[in-house]
Structure formats: structure tokens, C-alpha cells
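Following: one structure in C-alpha cells, then a few remarks.
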Amino acid sequence: MGKIRLYVIIALCWAGIAQAAAENYPIRGRVIDRIARTPVAYASVVIVGQGDKGASADAEGNFVIENVKPGIYRLEASMLGYTSAVTPEYIVSAATLPRKIVCRAGFPDGLWITVGDYQPPRFPEGYLQ
């Protein structure tokens, strides 16, 4: 009788460990403009290296990426009219705090849109930073 009880306790412990290892967590955060410190509405946020795992920010710049396995990740935010922003690496776990992603207004270096013969003005180096 004692051995059966011991086996049941061990089995329950292993089941609890397996359940805890299978837990997924949400990544919550906000995308904001670097200069104005205002929300970047409807920005696209993805986990770097996992392009299929991401979310769109709402009108207030808030986003939630659901069902992320515990691990070390970086996020990339992009939006038309802004350069892409990538977060430093951080750990996703039960204690993960919301992330803030700061985007810089302006087109990526070297990218300009030309309409007809119009040439956009050239800004001094570092102007948009």
C-alpha cells in the first residue's frame, strides 16, 4: 500500500512539472514615438525569428502576443512612416512585465519616395535620430 501511494505521489509531481513546462505566457507592451512619446497606433509587432508570431497594436499603441513559450526573445515593431525598432533580448516567463518599444519617425536610411521630378531634401547626418 505504501509503494502505491509513493508511485501516485511521484506521478502527480511529474505531471505538475510537465504542466508547468508547457505553460505559455502573453507578451504585453506598447509602441511609442521616440520624440513625441505618443502611441504609434496599429503598429505591427513580431517576435524576431518567428515572423508568424506577432500582433497589431491598437489605437493606443498597446499590443498582446498570446501563447509565447518561456524563453529569451527580441521584438520588432514596424509601422509606415517609422523606422523599425528592435528590443534588447529579455526573458519571457510568468513574471514578464509589459515592454515598451520606441520607434523613430522617418524612413529608413537611404529610402526615399520620389514623385515625378521631385527630389526630397537631404538632412544632415543624425538629423532624424
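All residue names refer to the C-alpha cells as shown: chains lettered A, B, ... in order, residues numbered from 1 in each chain, ligands numbered from 1 in order.
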
**Message:** Report as a PyMOL selection string all protein, DNA and RNA residues lying within 7 Å of Ile65 in chain A, evaluated on only C-alpha atoms, omitting residues in the same chain fewer than 6 positions from it.
**Reply:** chain A and resi 26-28+54-55

Could you take the residues named above and write them with N, CA and C atoms, as a short mmCIF file (atom, residue, chain, number, x, y, z; two decimals), in the first residue's frame?
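Below is the file again06.cif, written as the result:
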```cif
data_model
loop_
_atom_site.label_atom_id
_atom_site.label_comp_id
_atom_site.auth_asym_id
_atom_site.auth_seq_id
_atom_site.Cartn_x
_atom_site.Cartn_y
_atom_site.Cartn_z
N PRO A 26 1.58 35.50 -22.20
CA PRO A 26 1.43 36.61 -23.15
C PRO A 26 2.59 37.60 -23.01
N ILE A 27 2.93 38.24 -24.12
CA ILE A 27 3.84 39.38 -24.09
C ILE A 27 2.98 40.61 -24.32
N ARG A 28 3.00 41.52 -23.36
CA ARG A 28 2.21 42.75 -23.46
C ARG A 28 3.16 43.94 -23.56
N GLY A 54 3.05 37.19 -33.78
CA GLY A 54 3.04 38.63 -33.56
C GLY A 54 1.64 39.15 -33.34
N ALA A 55 1.52 40.47 -33.34
CA ALA A 55 0.23 41.12 -33.12
C ALA A 55 0.27 42.53 -33.70
#
```

**Message:** Neighbouring residues of Tyr42 in chain A were defined as those with any atom within 9 Å, considering only C-alpha atoms; residues of the same chain fewer than 5 positions away were excluded. Please report them as a PyMOL selection string.
**Reply:** chain A and resi 56-63+79

**Asked** Counting only C-alpha atoms, which of A:Gly29, A:Ser44, A:Asn24, A:Ala36 gets nearest to Leu80 in chain A?
**Response** A:Ser44

Need to verify the contact set: Ile32 in chain A, 9 Å, only C-alpha atoms, exclusion of same-chain residues closer than 2 positions in sequence. Can you return it as a short mmCIF file (atom, residue, chain, number, x, y, z; two decimals) with all heavy atoms, in the first residue's frame?
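In the end it all went to out-v2.cif:
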```
data_model
loop_
_atom_site.label_atom_id
_atom_site.label_comp_id
_atom_site.auth_asym_id
_atom_site.auth_seq_id
_atom_site.Cartn_x
_atom_site.Cartn_y
_atom_site.Cartn_z
N ARG A 30 3.69 48.28 -25.36
CA ARG A 30 3.18 49.48 -26.02
C ARG A 30 4.24 50.01 -26.96
O ARG A 30 5.42 50.03 -26.63
CB ARG A 30 2.84 50.53 -24.97
CG ARG A 30 2.12 51.72 -25.50
CD ARG A 30 1.66 52.59 -24.37
NE ARG A 30 0.67 53.54 -24.86
CZ ARG A 30 0.39 54.65 -24.26
NH1 ARG A 30 0.97 54.97 -23.12
NH2 ARG A 30 -0.50 55.47 -24.75
N ARG A 34 9.45 57.94 -30.50
CA ARG A 34 10.65 58.27 -29.71
C ARG A 34 10.69 59.74 -29.28
O ARG A 34 11.07 60.05 -28.16
CB ARG A 34 11.89 57.94 -30.54
CG ARG A 34 13.17 58.26 -29.83
CD ARG A 34 14.35 57.84 -30.68
NE ARG A 34 15.56 58.36 -30.09
CZ ARG A 34 16.61 58.69 -30.78
NH1 ARG A 34 16.62 58.55 -32.08
NH2 ARG A 34 17.67 59.16 -30.19
N ILE A 35 10.31 60.63 -30.16
CA ILE A 35 10.41 62.06 -29.86
C ILE A 35 9.16 62.56 -29.13
O ILE A 35 9.24 63.15 -28.06
CB ILE A 35 10.61 62.88 -31.16
CG1 ILE A 35 11.85 62.41 -31.91
CG2 ILE A 35 10.69 64.37 -30.84
CD1 ILE A 35 13.15 62.57 -31.17
N ALA A 36 7.99 62.32 -29.71
CA ALA A 36 6.74 62.85 -29.16
C ALA A 36 6.25 62.06 -27.95
O ALA A 36 5.41 62.55 -27.20
CB ALA A 36 5.66 62.87 -30.23
N ARG A 37 6.74 60.83 -27.76
CA ARG A 37 6.32 59.94 -26.67
C ARG A 37 4.81 59.66 -26.73
O ARG A 37 4.17 59.45 -25.73
CB ARG A 37 6.68 60.50 -25.29
CG ARG A 37 8.12 60.91 -25.11
CD ARG A 37 9.10 59.88 -25.50
NE ARG A 37 9.42 58.92 -24.45
CZ ARG A 37 10.32 57.96 -24.60
NH1 ARG A 37 10.97 57.84 -25.73
NH2 ARG A 37 10.55 57.11 -23.64
N THR A 38 4.27 59.66 -27.95
CA THR A 38 2.86 59.35 -28.17
C THR A 38 2.73 57.93 -28.73
O THR A 38 3.68 57.40 -29.30
CB THR A 38 2.24 60.35 -29.17
OG1 THR A 38 3.00 60.32 -30.38
CG2 THR A 38 2.23 61.76 -28.60
N PRO A 39 1.57 57.31 -28.56
CA PRO A 39 1.39 55.95 -29.07
C PRO A 39 1.52 55.89 -30.59
O PRO A 39 1.14 56.82 -31.29
CB PRO A 39 -0.04 55.60 -28.67
CG PRO A 39 -0.45 56.60 -27.66
CD PRO A 39 0.39 57.82 -27.88
N VAL A 40 2.06 54.78 -31.08
CA VAL A 40 2.10 54.51 -32.52
C VAL A 40 0.96 53.52 -32.77
O VAL A 40 1.10 52.32 -32.51
CB VAL A 40 3.46 53.93 -32.96
CG1 VAL A 40 3.44 53.60 -34.44
CG2 VAL A 40 4.58 54.91 -32.63
N ALA A 41 -0.16 54.06 -33.24
CA ALA A 41 -1.36 53.24 -33.43
C ALA A 41 -1.17 52.23 -34.56
O ALA A 41 -0.58 52.53 -35.59
CB ALA A 41 -2.54 54.15 -33.74
N GLU A 60 -4.17 52.87 -29.15
CA GLU A 60 -3.33 53.45 -28.10
C GLU A 60 -1.90 52.89 -28.11
O GLU A 60 -1.14 53.13 -27.19
CB GLU A 60 -3.97 53.20 -26.73
CG GLU A 60 -5.31 53.88 -26.57
CD GLU A 60 -5.19 55.39 -26.66
OE1 GLU A 60 -4.24 55.97 -26.10
OE2 GLU A 60 -6.05 56.01 -27.32
N GLY A 61 -1.55 52.10 -29.14
CA GLY A 61 -0.22 51.54 -29.25
C GLY A 61 0.00 50.28 -28.44
O GLY A 61 1.10 49.73 -28.43
N LYS A 100 8.02 48.25 -23.54
CA LYS A 100 7.77 49.48 -24.27
C LYS A 100 8.74 49.47 -25.45
O LYS A 100 9.94 49.30 -25.28
CB LYS A 100 8.02 50.70 -23.40
CG LYS A 100 7.62 52.00 -24.05
CD LYS A 100 7.86 53.17 -23.14
CE LYS A 100 6.87 53.15 -22.00
NZ LYS A 100 7.00 54.33 -21.12
N ILE A 101 8.22 49.63 -26.66
CA ILE A 101 9.05 49.67 -27.85
C ILE A 101 9.00 51.10 -28.38
O ILE A 101 7.92 51.65 -28.62
CB ILE A 101 8.55 48.69 -28.93
CG1 ILE A 101 8.51 47.26 -28.37
CG2 ILE A 101 9.43 48.76 -30.17
CD1 ILE A 101 7.92 46.26 -29.32
N VAL A 102 10.16 51.69 -28.57
CA VAL A 102 10.24 53.08 -29.01
C VAL A 102 10.64 53.11 -30.48
O VAL A 102 11.67 52.56 -30.87
CB VAL A 102 11.28 53.85 -28.16
CG1 VAL A 102 11.36 55.30 -28.61
CG2 VAL A 102 10.92 53.77 -26.69
N CYS A 103 9.79 53.73 -31.31
CA CYS A 103 10.05 53.85 -32.75
C CYS A 103 10.48 55.27 -33.10
O CYS A 103 10.10 56.22 -32.43
CB CYS A 103 8.79 53.52 -33.55
SG CYS A 103 8.34 51.80 -33.49
N ARG A 104 11.28 55.39 -34.14
CA ARG A 104 11.77 56.68 -34.60
C ARG A 104 11.04 57.06 -35.88
O ARG A 104 10.97 56.26 -36.81
CB ARG A 104 13.28 56.58 -34.86
CG ARG A 104 13.90 57.88 -35.32
CD ARG A 104 15.37 57.72 -35.50
NE ARG A 104 15.61 56.98 -36.72
CZ ARG A 104 16.81 56.62 -37.14
NH1 ARG A 104 17.86 56.89 -36.42
NH2 ARG A 104 16.95 55.97 -38.25
#
```

**Message:** I need the residues in range 42-101 of chain A that are strand (DSSP E or B) according to DSSP; give them as a PyMOL selection string.
**Reply:** chain A and resi 44-47+50-56+62-68+71-73+75-78+82-83+85-86+90-92+99-101

Please produce an output containing N, CA, C and O atoms for each residue in the selection, written as a tab-separated table (two decimals), in the first residue's frame.
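For reference, result-v5.tsv as written:
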```tsv
chain	number	residue	atom	x	y	z
A	44	SER	N	2.82	47.05	-36.27
A	44	SER	CA	2.96	45.60	-36.33
A	44	SER	C	4.11	45.19	-35.40
A	44	SER	O	5.19	45.77	-35.47
A	45	VAL	N	3.88	44.22	-34.54
A	45	VAL	CA	4.89	43.75	-33.60
A	45	VAL	C	5.06	42.24	-33.78
A	45	VAL	O	4.07	41.50	-33.71
A	46	VAL	N	6.28	41.79	-34.04
A	46	VAL	CA	6.55	40.36	-34.22
A	46	VAL	C	7.73	39.95	-33.34
A	46	VAL	O	8.56	40.77	-32.96
A	47	ILE	N	7.79	38.66	-33.03
A	47	ILE	CA	8.94	38.11	-32.33
A	47	ILE	C	10.01	37.85	-33.39
A	47	ILE	O	9.76	37.19	-34.40
A	50	GLN	N	10.57	34.63	-35.57
A	50	GLN	CA	9.31	33.89	-35.61
A	50	GLN	C	8.26	34.78	-36.24
A	50	GLN	O	7.32	35.23	-35.58
A	51	GLY	N	8.42	35.07	-37.52
A	51	GLY	CA	7.56	36.02	-38.22
A	51	GLY	C	6.08	35.72	-38.14
A	51	GLY	O	5.25	36.61	-38.29
A	52	ASP	N	5.72	34.46	-37.87
A	52	ASP	CA	4.30	34.12	-37.78
A	52	ASP	C	3.73	34.40	-36.40
A	52	ASP	O	2.54	34.31	-36.19
A	53	LYS	N	4.57	34.78	-35.45
A	53	LYS	CA	4.13	35.04	-34.08
A	53	LYS	C	4.20	36.53	-33.83
A	53	LYS	O	5.28	37.11	-33.71
A	54	GLY	N	3.05	37.19	-33.78
A	54	GLY	CA	3.04	38.63	-33.56
A	54	GLY	C	1.64	39.15	-33.34
A	54	GLY	O	0.69	38.39	-33.15
A	55	ALA	N	1.52	40.47	-33.34
A	55	ALA	CA	0.23	41.12	-33.12
A	55	ALA	C	0.27	42.53	-33.70
A	55	ALA	O	1.34	43.05	-34.00
A	56	SER	N	-0.90	43.13	-33.81
A	56	SER	CA	-1.01	44.53	-34.19
A	56	SER	C	-1.38	45.34	-32.95
A	56	SER	O	-2.18	44.90	-32.13
A	62	ASN	N	-1.04	49.80	-27.74
A	62	ASN	CA	-0.91	48.60	-26.90
A	62	ASN	C	-1.03	47.34	-27.75
A	62	ASN	O	-1.83	47.28	-28.67
A	63	PHE	N	-0.24	46.31	-27.40
A	63	PHE	CA	-0.31	45.04	-28.11
A	63	PHE	C	-0.19	43.89	-27.12
A	63	PHE	O	0.30	44.04	-26.01
A	64	VAL	N	-0.68	42.73	-27.55
A	64	VAL	CA	-0.55	41.49	-26.78
A	64	VAL	C	-0.25	40.37	-27.76
A	64	VAL	O	-1.00	40.17	-28.72
A	65	ILE	N	0.84	39.66	-27.54
A	65	ILE	CA	1.16	38.46	-28.31
A	65	ILE	C	0.88	37.29	-27.37
A	65	ILE	O	1.54	37.14	-26.34
A	66	GLU	N	-0.10	36.49	-27.70
A	66	GLU	CA	-0.56	35.40	-26.83
A	66	GLU	C	0.26	34.13	-27.03
A	66	GLU	O	0.89	33.93	-28.08
A	67	ASN	N	0.22	33.26	-26.03
A	67	ASN	CA	0.77	31.90	-26.10
A	67	ASN	C	2.23	31.83	-26.51
A	67	ASN	O	2.61	31.12	-27.43
A	68	VAL	N	3.07	32.58	-25.81
A	68	VAL	CA	4.51	32.55	-26.07
A	68	VAL	C	5.17	31.63	-25.05
A	68	VAL	O	4.95	31.77	-23.85
A	71	GLY	N	11.19	31.72	-22.62
A	71	GLY	CA	12.47	31.76	-23.33
A	71	GLY	C	12.99	33.18	-23.42
A	71	GLY	O	12.47	34.08	-22.78
A	72	ILE	N	14.00	33.36	-24.24
A	72	ILE	CA	14.62	34.67	-24.44
A	72	ILE	C	14.27	35.13	-25.85
A	72	ILE	O	14.53	34.43	-26.82
A	73	TYR	N	13.67	36.31	-25.94
A	73	TYR	CA	13.18	36.82	-27.21
A	73	TYR	C	13.55	38.28	-27.41
A	73	TYR	O	13.88	38.99	-26.47
A	75	LEU	N	11.73	41.62	-29.75
A	75	LEU	CA	10.55	42.03	-30.52
A	75	LEU	C	10.94	43.08	-31.54
A	75	LEU	O	11.83	43.89	-31.30
A	76	GLU	N	10.25	43.07	-32.67
A	76	GLU	CA	10.46	44.09	-33.70
A	76	GLU	C	9.13	44.76	-34.00
A	76	GLU	O	8.13	44.08	-34.25
A	77	ALA	N	9.11	46.08	-33.93
A	77	ALA	CA	7.91	46.85	-34.26
A	77	ALA	C	8.15	47.62	-35.55
A	77	ALA	O	9.24	48.16	-35.76
A	78	SER	N	7.14	47.66	-36.40
A	78	SER	CA	7.25	48.42	-37.64
A	78	SER	C	5.92	49.09	-37.94
A	78	SER	O	4.86	48.60	-37.56
A	82	TYR	N	7.74	55.09	-40.03
A	82	TYR	CA	8.70	54.92	-38.94
A	82	TYR	C	9.77	53.92	-39.35
A	82	TYR	O	9.51	53.05	-40.17
A	83	THR	N	10.93	54.05	-38.76
A	83	THR	CA	11.94	53.00	-38.94
A	83	THR	C	11.59	51.87	-37.99
A	83	THR	O	10.99	52.08	-36.94
A	85	ALA	N	11.94	49.16	-35.11
A	85	ALA	CA	12.63	49.18	-33.82
A	85	ALA	C	12.69	47.76	-33.29
A	85	ALA	O	11.71	47.01	-33.38
A	86	VAL	N	13.84	47.37	-32.74
A	86	VAL	CA	14.03	46.04	-32.17
A	86	VAL	C	14.42	46.20	-30.71
A	86	VAL	O	15.29	47.00	-30.37
A	90	TYR	N	15.14	39.79	-23.84
A	90	TYR	CA	14.60	39.70	-22.49
A	90	TYR	C	13.92	38.35	-22.31
A	90	TYR	O	13.61	37.66	-23.27
A	91	ILE	N	13.69	37.98	-21.06
A	91	ILE	CA	13.16	36.67	-20.72
A	91	ILE	C	11.65	36.73	-20.60
A	91	ILE	O	11.11	37.61	-19.94
A	92	VAL	N	10.98	35.77	-21.24
A	92	VAL	CA	9.53	35.63	-21.10
A	92	VAL	C	9.28	34.52	-20.09
A	92	VAL	O	9.77	33.41	-20.23
A	99	ARG	N	6.38	45.42	-22.07
A	99	ARG	CA	7.51	46.02	-22.76
A	99	ARG	C	7.08	47.30	-23.43
A	99	ARG	O	5.96	47.42	-23.89
A	100	LYS	N	8.02	48.25	-23.54
A	100	LYS	CA	7.77	49.48	-24.27
A	100	LYS	C	8.74	49.47	-25.45
A	100	LYS	O	9.94	49.30	-25.28
A	101	ILE	N	8.22	49.63	-26.66
A	101	ILE	CA	9.05	49.67	-27.85
A	101	ILE	C	9.00	51.10	-28.38
A	101	ILE	O	7.92	51.65	-28.62
```

**Prompt:** Which residue out of A:Ser93, A:Ala43, A:Ala105, A:Val31 has the minimum interatomic distance to Lys69 in chain A when only C-alpha atoms are used?
**Reply:**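 Nearest to Lys69 in chain A: A:Ser93.
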